[in-house]
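> Here you go, one structure.
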Amino acid sequence: MSDILTRRQFVAGTALGTLGLILGGSSPVWGAEDPKTKVVVIRDPAVIDEKLEVKSEIASKMLDQGMRELTGVKDVVDCWKTFYSPEDIVGLKINVMMTPTHRELTHAVVSRLSDAGIKDENIIIWDRDRAGRGMKGVSSRGMSFGFTEESVSKIVTDHSTALLNMPGLKSHWLSGVAVAIKNWAGAVTNINVPDEDVIFSIHGDSCADIGMLNALPPIKKKCRLIVVDAIRPLFHGGPQVNPDYLWNYGGLVIGTDPVAVDTVCLKIIQGKRNDHKGRSWPLSPPPKHIAVAESKYHLGTSDSSKIDVKLLGEKEGAFI
Amino acid sequence: MIIISSFLMLGLALGGDLQAGAHGVQPGPVPGWEKTTYSARHTAADLHKYLNGGAARYLAYSIRDLHVQEYTRQADGFIATLELYRMDSPENAFGVYSCDSGGRHPEGIGEQASYGGGLLQFWQGPYYVRVQALDPSGDPSGPVLELGGAVSGALPSWEPQAAGHRGQTPLHKRPPLPCLAASMPAEGMIKDSLCFFHSQVSLNSIYYLSEKNILELSPETDAVSAEYHTPAQGIARVIAVCYPDSATAIKAYQSVRTAEPAKSTTVSDNPNVFAGRDGRLLVLVVEAPTRSDASELGRAVLAAAACDGRKHQEGRK
């Protein structure tokens with residue numbers, strides 16, 4: 001027996017339906033007094049050379065420019081004081097997986113936190129349960145703070161008064177992209193892909209509900225700034241890296257709204273994919289978690305009309 | 001190329017038994033290279049410790065274990081990491097490889113190999129192998145291919161009985177491609193676009209149809225996705241699935257017919273779809289530029305694709 005179906009509406013209904021949600025939401029906007037949430041993209045191709053070495057001075061300069069643009073404050077130290085005070089203990093959540101946050105960028109951030117008056121020992125650089133303090137922590141993280149009974153990092157719950165999110169920019173096999181929202185997967189333990197016997201069921205439905213981590217009260221309340229390392233992002237696959245899909249974007253993406261930041265990062269990744277193939281090459285699976293973070297967890301906005309994207313530096317190949 | 005017969009030391013299963021319970025081959029000494037202290041072994045149960053969420057990619061192909069070993073070339077200190085993924089069958093080693101097989105294709109390494117950006121990938125018997133330069137800057141292809149060639153030369157010969165293959169009856173010592181993959185029409189297929197898989201999580205990473213398993217995919221299904229040029233100067237994607245029985249194929253076809261449209265206004269640029277079933281085989285064509293392109297391609301695949309050596313006769317009328 002043979003069956004034939006030719007139905008024009010099929011793809012519209014199933015294959016690409018979710019992508020429509022990504023940029024079409026209208027849920028609460030971060031910053032009620034501000035009609036738009038600002039996301040700064042700053043690029044300098046010279047930040048990474050042909051040997052793939054990151055230039056610390058350029059990374060630091062980019063960070064300063066980005067922070068000035070984000071805050072509208074001229075003095076760079078004052079920029080940082082708008083987010084963090086000398087009394088704060090700052091948990092700086094980097095990513096150490098296969099496209100790790102570049103050490104040179106982490107160093108630049110720690111320097112500015114220090115300039116803003118935060119004590120060296122009050123800067124905790126960490127991912128999962130490996131942490132270090134201050135400048136030494138940029139390259140050496142042998143400390144362990146453990147997790148609560150609820151499987152949340154004690155750095156988040158007990159040892160920090162403020163958080164700073166520093167993910168890398170990458171595509172992801174399970175979730176489409178993994179940037180600011182998904183970076184908090186490294187703040188909890190006892191998680192697994194089948195979501196068996198776990199407190200946080202974050203992997204089902206293409207990780208649609210991973211925003212639940214960003215919505216945890218200590219993370220939502222304490223995280224004040226997001227600095228995305230977009231120096232050499234991954235645009236296909238991930239987290240395991242095929243280096244053919246890495247490219248020197250030479251950028252940072254800075255903001256305070258995780259949904260808006262991820263929306264801008266999604267645009268960059270999608271732009272690179274289309275450019276790479278010379279035709280549409282949609283992310284698969286579509287990054288549902290960005291839309292769900294907005295609609296269900298009210299973490300920010302993915303509505304491009306409500307995101308004020310400021311692009312500084314190199315315009316060519318920015319995909320903004 | 002360096003020929004090293006003693007490159008790999010068989011593990012507990014000395015004699016080449018690569019079935020369940022064996023630990024497979026372990027990376028051994030390579031002349032001209034030194035093993036560094038960095039090595040690891042993971043099974044399916046703890047693969048996430050090495051690959052995080054990336055482990056799901058291999059679990060979907062029934063991975064048995066992974067050996068990781070870092071090497072330094074004595075002549076110049078070049079560092080490369082070897083990853084030996086042992087799957088449950090050659091078909092699944094091919095499957096993992098096939099879904100990311102772009103790049104240039106060096107000859108004489110594995111059954112099929114690809115190289116790009118300092119990463120060599122190949123499959124051979126039940127092994128999917130990655131050899132990756134620590135520093136991908138410059139052109140690291142020389143030493144990466146040297147190490148990869150040595151690994152390929154030392155991997156044990158494929159034994160049909162031991163491998164417990166599910167493919168065609170082998171007439172030689174080369175492992176067969178899965179029947180469905182081998183029988184897909186070659187004409188018009190875009191190079192390196194064919195991907196062999198089984199599960200919903202794999203399909204979602206290739207082409208997103210739905211979070212629901214509307215195609216009734218499971219470890220018992222063989223499936224391929226491939227892109228084709230179409231007469232209307234476009235590109236369409238074919239998804240073909242072989243089910244263990246006709247009843248499941250019929251159920252999947254009915255599921256495709258009744259898939260409910262999502263609440264979205266997004267419409268594909270090329271929303272022409274073809275779905276057809278013949279016996280245990282289901283063929284879906286999406287993203288075709290015209291309706292006739294979708295239909296023509298779908299019918300061609302239905303006519304050519306085979307679920308096993310006897311084609312898809314079971315349940316066929």
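Residues in the structure tokens are named by chain (A, B, ... in the order shown) and by number from 1 within that chain; ligands are numbered from 1 in the order shown.
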For the strand (DSSP E) assignment from backbone DSSP, which residues of range 43-150 of chain B qualify? Please present them as a VMD selection string.
chain B and resid 43 63 to 73 79 to 87 112 to 116 119 to 124 127 to 133
> Taking the DSSP secondary structure from the backbone, can you list the residues of range 138-253 of chain B that are alpha helix (DSSP H), as JSON, numbers by chain?
{"B": [141, 142, 143, 144, 145, 146, 147, 148, 149, 150, 151, 152, 153, 154, 160, 161, 162, 163, 179, 180, 181, 182, 200, 201, 202, 203, 204, 205, 206, 246, 247, 248, 249, 250, 251, 252, 253]}
> How would the residues just chosen look if you wrote them out with C-alpha atoms as a PDB file, in the first residue's frame?

ATOM      1  CA  SER B 141      46.934  19.271   8.554  1.00  0.00           C
ATOM      2  CA  GLY B 142      50.303  17.489   8.166  1.00  0.00           C
ATOM      3  CA  PRO B 143      50.721  16.179  11.694  1.00  0.00           C
ATOM      4  CA  VAL B 144      46.979  15.708  12.243  1.00  0.00           C
ATOM      5  CA  LEU B 145      46.679  13.487   9.171  1.00  0.00           C
ATOM      6  CA  GLU B 146      49.885  11.682  10.150  1.00  0.00           C
ATOM      7  CA  LEU B 147      48.493  10.747  13.535  1.00  0.00           C
ATOM      8  CA  GLY B 148      45.079   9.960  12.094  1.00  0.00           C
ATOM      9  CA  GLY B 149      46.609   7.717   9.452  1.00  0.00           C
ATOM     10  CA  ALA B 150      48.518   5.812  12.105  1.00  0.00           C
ATOM     11  CA  VAL B 151      45.367   5.300  14.109  1.00  0.00           C
ATOM     12  CA  SER B 152      43.435   4.124  11.067  1.00  0.00           C
ATOM     13  CA  GLY B 153      46.220   1.720  10.112  1.00  0.00           C
ATOM     14  CA  ALA B 154      46.248   0.166  13.538  1.00  0.00           C
ATOM     15  CA  PRO B 160      31.105  -9.087  10.442  1.00  0.00           C
ATOM     16  CA  GLN B 161      30.172 -11.646  13.084  1.00  0.00           C
ATOM     17  CA  ALA B 162      31.756  -9.736  15.928  1.00  0.00           C
ATOM     18  CA  ALA B 163      30.277  -6.453  14.842  1.00  0.00           C
ATOM     19  CA  CYS B 179      20.934   0.079   3.257  1.00  0.00           C
ATOM     20  CA  LEU B 180      18.802   3.182   3.410  1.00  0.00           C
ATOM     21  CA  ALA B 181      21.824   5.475   3.158  1.00  0.00           C
ATOM     22  CA  ALA B 182      23.383   3.455   0.358  1.00  0.00           C
ATOM     23  CA  GLN B 200      14.132  12.396  17.379  1.00  0.00           C
ATOM     24  CA  VAL B 201      16.913  14.300  19.143  1.00  0.00           C
ATOM     25  CA  SER B 202      19.156  13.745  16.125  1.00  0.00           C
ATOM     26  CA  LEU B 203      16.461  14.881  13.702  1.00  0.00           C
ATOM     27  CA  ASN B 204      15.843  18.027  15.731  1.00  0.00           C
ATOM     28  CA  SER B 205      19.490  19.008  15.331  1.00  0.00           C
ATOM     29  CA  ILE B 206      19.301  18.446  11.569  1.00  0.00           C
ATOM     30  CA  SER B 246       4.516  -1.493   8.111  1.00  0.00           C
ATOM     31  CA  ALA B 247       2.153  -0.778  10.973  1.00  0.00           C
ATOM     32  CA  THR B 248       4.568   1.727  12.471  1.00  0.00           C
ATOM     33  CA  ALA B 249       5.156   3.272   9.060  1.00  0.00           C
ATOM     34  CA  ILE B 250       1.404   3.686   8.578  1.00  0.00           C
ATOM     35  CA  LYS B 251       1.094   5.217  12.031  1.00  0.00           C
ATOM     36  CA  ALA B 252       3.879   7.686  11.242  1.00  0.00           C
ATOM     37  CA  TYR B 253       2.325   8.580   7.921  1.00  0.00           C
TER      38      TYR B 253
END
> Within 10 Å of Asn95 in chain A, counting only C-alpha atoms, which residues qualify if same-chain residues fewer than 6 places away don't, as a JSON list (two decimals) with N, CA and C atoms, in the first residue's frame?

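Below is the file that was written, selection_37.json:
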[["chain", "number", "residue", "atom", "x", "y", "z"],
["A", 101, "THR", "N", 35.02, 31.19, 27.82],
["A", 101, "THR", "CA", 35.24, 32.62, 27.91],
["A", 101, "THR", "C", 36.74, 32.88, 27.86],
["A", 102, "HIS", "N", 37.17, 33.80, 26.99],
["A", 102, "HIS", "CA", 38.61, 34.04, 26.87],
["A", 102, "HIS", "C", 39.17, 34.67, 28.15],
["A", 125, "ILE", "N", 35.56, 34.06, 40.50],
["A", 125, "ILE", "CA", 35.44, 33.65, 39.09],
["A", 125, "ILE", "C", 35.15, 32.15, 39.08],
["A", 126, "TRP", "N", 34.09, 31.76, 38.43],
["A", 126, "TRP", "CA", 33.68, 30.37, 38.60],
["A", 126, "TRP", "C", 32.84, 29.84, 37.45],
["A", 127, "ASP", "N", 32.81, 28.52, 37.36],
["A", 127, "ASP", "CA", 31.87, 27.78, 36.54],
["A", 127, "ASP", "C", 31.71, 26.41, 37.19],
["A", 128, "ARG", "N", 30.48, 25.95, 37.30],
["A", 128, "ARG", "CA", 30.18, 24.70, 38.00],
["A", 128, "ARG", "C", 30.72, 24.78, 39.42],
["A", 165, "ASN", "N", 27.35, 37.83, 34.43],
["A", 165, "ASN", "CA", 27.23, 36.69, 33.54],
["A", 165, "ASN", "C", 28.16, 36.88, 32.34],
["A", 166, "MET", "N", 29.10, 35.96, 32.15],
["A", 166, "MET", "CA", 30.08, 36.07, 31.05],
["A", 166, "MET", "C", 30.12, 34.80, 30.20],
["A", 167, "PRO", "N", 29.09, 34.55, 29.42],
["A", 167, "PRO", "CA", 29.10, 33.36, 28.56],
["A", 167, "PRO", "C", 29.89, 33.58, 27.28],
["A", 168, "GLY", "N", 30.17, 32.49, 26.60],
["A", 168, "GLY", "CA", 30.66, 32.58, 25.23],
["A", 168, "GLY", "C", 29.45, 32.55, 24.30],
["A", 179, "VAL", "N", 23.78, 30.97, 25.19],
["A", 179, "VAL", "CA", 24.46, 32.22, 25.52],
["A", 179, "VAL", "C", 24.12, 32.61, 26.96],
["A", 183, "ASN", "N", 23.80, 29.91, 30.11],
["A", 183, "ASN", "CA", 25.04, 29.85, 30.88],
["A", 183, "ASN", "C", 24.81, 29.48, 32.33],
["A", 184, "TRP", "N", 23.59, 29.71, 32.81],
["A", 184, "TRP", "CA", 23.31, 29.36, 34.21],
["A", 184, "TRP", "C", 23.16, 27.87, 34.43],
["A", 185, "ALA", "N", 23.21, 27.08, 33.39],
["A", 185, "ALA", "CA", 23.23, 25.62, 33.57],
["A", 185, "ALA", "C", 24.47, 25.22, 34.37],
["A", 186, "GLY", "N", 25.49, 26.06, 34.33],
["A", 186, "GLY", "CA", 26.69, 25.79, 35.11],
["A", 186, "GLY", "C", 26.58, 26.25, 36.55],
["A", 229, "ASP", "N", 31.23, 36.97, 25.44],
["A", 229, "ASP", "CA", 32.46, 36.83, 24.67],
["A", 229, "ASP", "C", 32.09, 36.34, 23.27]]
> Find, counting only C-alpha atoms, the residue in A:Met62, A:Val96, A:Ile155, A:Ile254 that gets nearest to chain B.
A:Val96
> Between A:Met67, A:Pro243, A:Ser139, A:Ile191, which is the closest to Ser137 in chain B once you count only C-alpha atoms?
A:Pro243
> Residues within 9 Å of range 198-204 of chain A, please, as a VMD selection string. Count only C-alpha atoms; anything in the same chain fewer than 3 positions from it doesn't count.
(chain A and resid 150 to 151 174 to 175 185 188 to 195 207 to 213) or (chain B and resid 53)
> Kindly export the residues of the current selection with N, CA and C atoms, as an mmCIF file, in the first residue's frame.

data_model
loop_
_atom_site.group_PDB
_atom_site.id
_atom_site.type_symbol
_atom_site.label_atom_id
_atom_site.label_comp_id
_atom_site.auth_asym_id
_atom_site.auth_seq_id
_atom_site.Cartn_x
_atom_site.Cartn_y
_atom_site.Cartn_z
ATOM 1 N N GLU A 150 19.147 22.216 47.255
ATOM 2 C CA GLU A 150 18.306 22.397 46.065
ATOM 3 C C GLU A 150 19.128 22.375 44.789
ATOM 4 N N SER A 151 20.404 21.987 44.908
ATOM 5 C CA SER A 151 21.291 21.810 43.747
ATOM 6 C C SER A 151 21.768 23.113 43.114
ATOM 7 N N LEU A 174 21.454 20.932 21.354
ATOM 8 C CA LEU A 174 20.188 20.643 22.016
ATOM 9 C C LEU A 174 19.257 21.843 22.089
ATOM 10 N N SER A 175 19.812 23.041 22.111
ATOM 11 C CA SER A 175 18.995 24.229 22.396
ATOM 12 C C SER A 175 19.055 25.284 21.298
ATOM 13 N N ALA A 185 23.210 27.080 33.386
ATOM 14 C CA ALA A 185 23.230 25.623 33.569
ATOM 15 C C ALA A 185 24.470 25.216 34.367
ATOM 16 N N VAL A 188 24.041 25.056 38.533
ATOM 17 C CA VAL A 188 23.291 24.019 39.243
ATOM 18 C C VAL A 188 23.968 22.672 39.013
ATOM 19 N N THR A 189 23.635 21.732 39.852
ATOM 20 C CA THR A 189 24.203 20.388 39.723
ATOM 21 C C THR A 189 23.073 19.372 39.622
ATOM 22 N N ASN A 190 23.454 18.114 39.455
ATOM 23 C CA ASN A 190 22.476 17.032 39.313
ATOM 24 C C ASN A 190 21.516 17.285 38.163
ATOM 25 N N ILE A 191 22.059 17.646 37.024
ATOM 26 C CA ILE A 191 21.227 17.768 35.829
ATOM 27 C C ILE A 191 21.704 16.732 34.820
ATOM 28 N N ASN A 192 20.796 16.262 34.011
ATOM 29 C CA ASN A 192 21.182 15.331 32.953
ATOM 30 C C ASN A 192 20.220 15.490 31.784
ATOM 31 N N VAL A 193 20.666 15.069 30.613
ATOM 32 C CA VAL A 193 19.882 15.311 29.402
ATOM 33 C C VAL A 193 18.508 14.628 29.443
ATOM 34 N N PRO A 194 18.394 13.390 29.962
ATOM 35 C CA PRO A 194 17.040 12.801 30.025
ATOM 36 C C PRO A 194 16.146 13.441 31.097
ATOM 37 N N ASP A 195 16.722 14.336 31.908
ATOM 38 C CA ASP A 195 15.970 14.977 32.999
ATOM 39 C C ASP A 195 15.411 13.949 33.982
ATOM 40 N N CYS A 207 15.280 22.278 25.370
ATOM 41 C CA CYS A 207 15.721 23.155 26.475
ATOM 42 C C CYS A 207 14.831 24.394 26.612
ATOM 43 N N ALA A 208 13.568 24.257 26.239
ATOM 44 C CA ALA A 208 12.673 25.424 26.236
ATOM 45 C C ALA A 208 12.586 26.080 27.605
ATOM 46 N N ASP A 209 12.672 25.284 28.667
ATOM 47 C CA ASP A 209 12.451 25.827 30.006
ATOM 48 C C ASP A 209 13.728 26.156 30.758
ATOM 49 N N ILE A 210 14.826 26.283 30.060
ATOM 50 C CA ILE A 210 16.069 26.530 30.792
ATOM 51 C C ILE A 210 16.076 27.911 31.446
ATOM 52 N N GLY A 211 15.165 28.778 31.017
ATOM 53 C CA GLY A 211 15.038 30.079 31.675
ATOM 54 C C GLY A 211 14.672 29.966 33.146
ATOM 55 N N MET A 212 14.203 28.793 33.555
ATOM 56 C CA MET A 212 13.872 28.616 34.969
ATOM 57 C C MET A 212 15.090 28.857 35.860
ATOM 58 N N LEU A 213 16.263 28.632 35.335
ATOM 59 C CA LEU A 213 17.473 28.858 36.134
ATOM 60 C C LEU A 213 17.730 30.353 36.296
ATOM 61 N N GLY B 53 26.320 18.562 27.425
ATOM 62 C CA GLY B 53 25.124 18.238 26.655
ATOM 63 C C GLY B 53 25.433 17.588 25.323
#
> Which residue, B:Gly116, B:Gly234, B:Pro156, B:Pro175, has the smallest gap to chain A when you use only C-alpha atoms?
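Of B:Gly116, B:Gly234, B:Pro156, B:Pro175, the one nearest chain A is B:Gly116, counting only C-alpha atoms.
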> Using only C-alpha atoms, determine which residues lie at most 12 Å from range 97-103 of chain B, disregarding the query and same-chain residues fewer than 5 positions distant; provide the list as a ChimeraX atom specification.
/A:173,236-238,240-245 /B:57-58,61,85,87,90-92,110-130,177-178,181,190-198,202-203,205-207,223-226
> Grab the CA of Lys61 in chain A to CA of His107 in chain A distance for me, in Å with one decimal place.
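Distance between the two atoms: 12.2 Å.
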> Return the single residue from B:Ile109, B:Ala275, B:Ala304, B:Ala55 that is closest to chain A, with distances computed using only C-alpha atoms.
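Of B:Ile109, B:Ala275, B:Ala304, B:Ala55, the one nearest chain A, counting only C-alpha atoms, is B:Ala275.
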> Quote the spacing between CA of Met189 in chain B and CA of His229 in chain B in Å to one decimal place.
6.4 Å
> May I have the residues within 8 Å of range 46-53 of chain A as a list in words, using only C-alpha atoms and disregarding those fewer than 6 positions away in the same chain?
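Skipping anything fewer than 6 positions along the chain leaves Ala59, Ile231, Asn248 and Gly250 of chain A; Ser137 and Gly138 of chain B.
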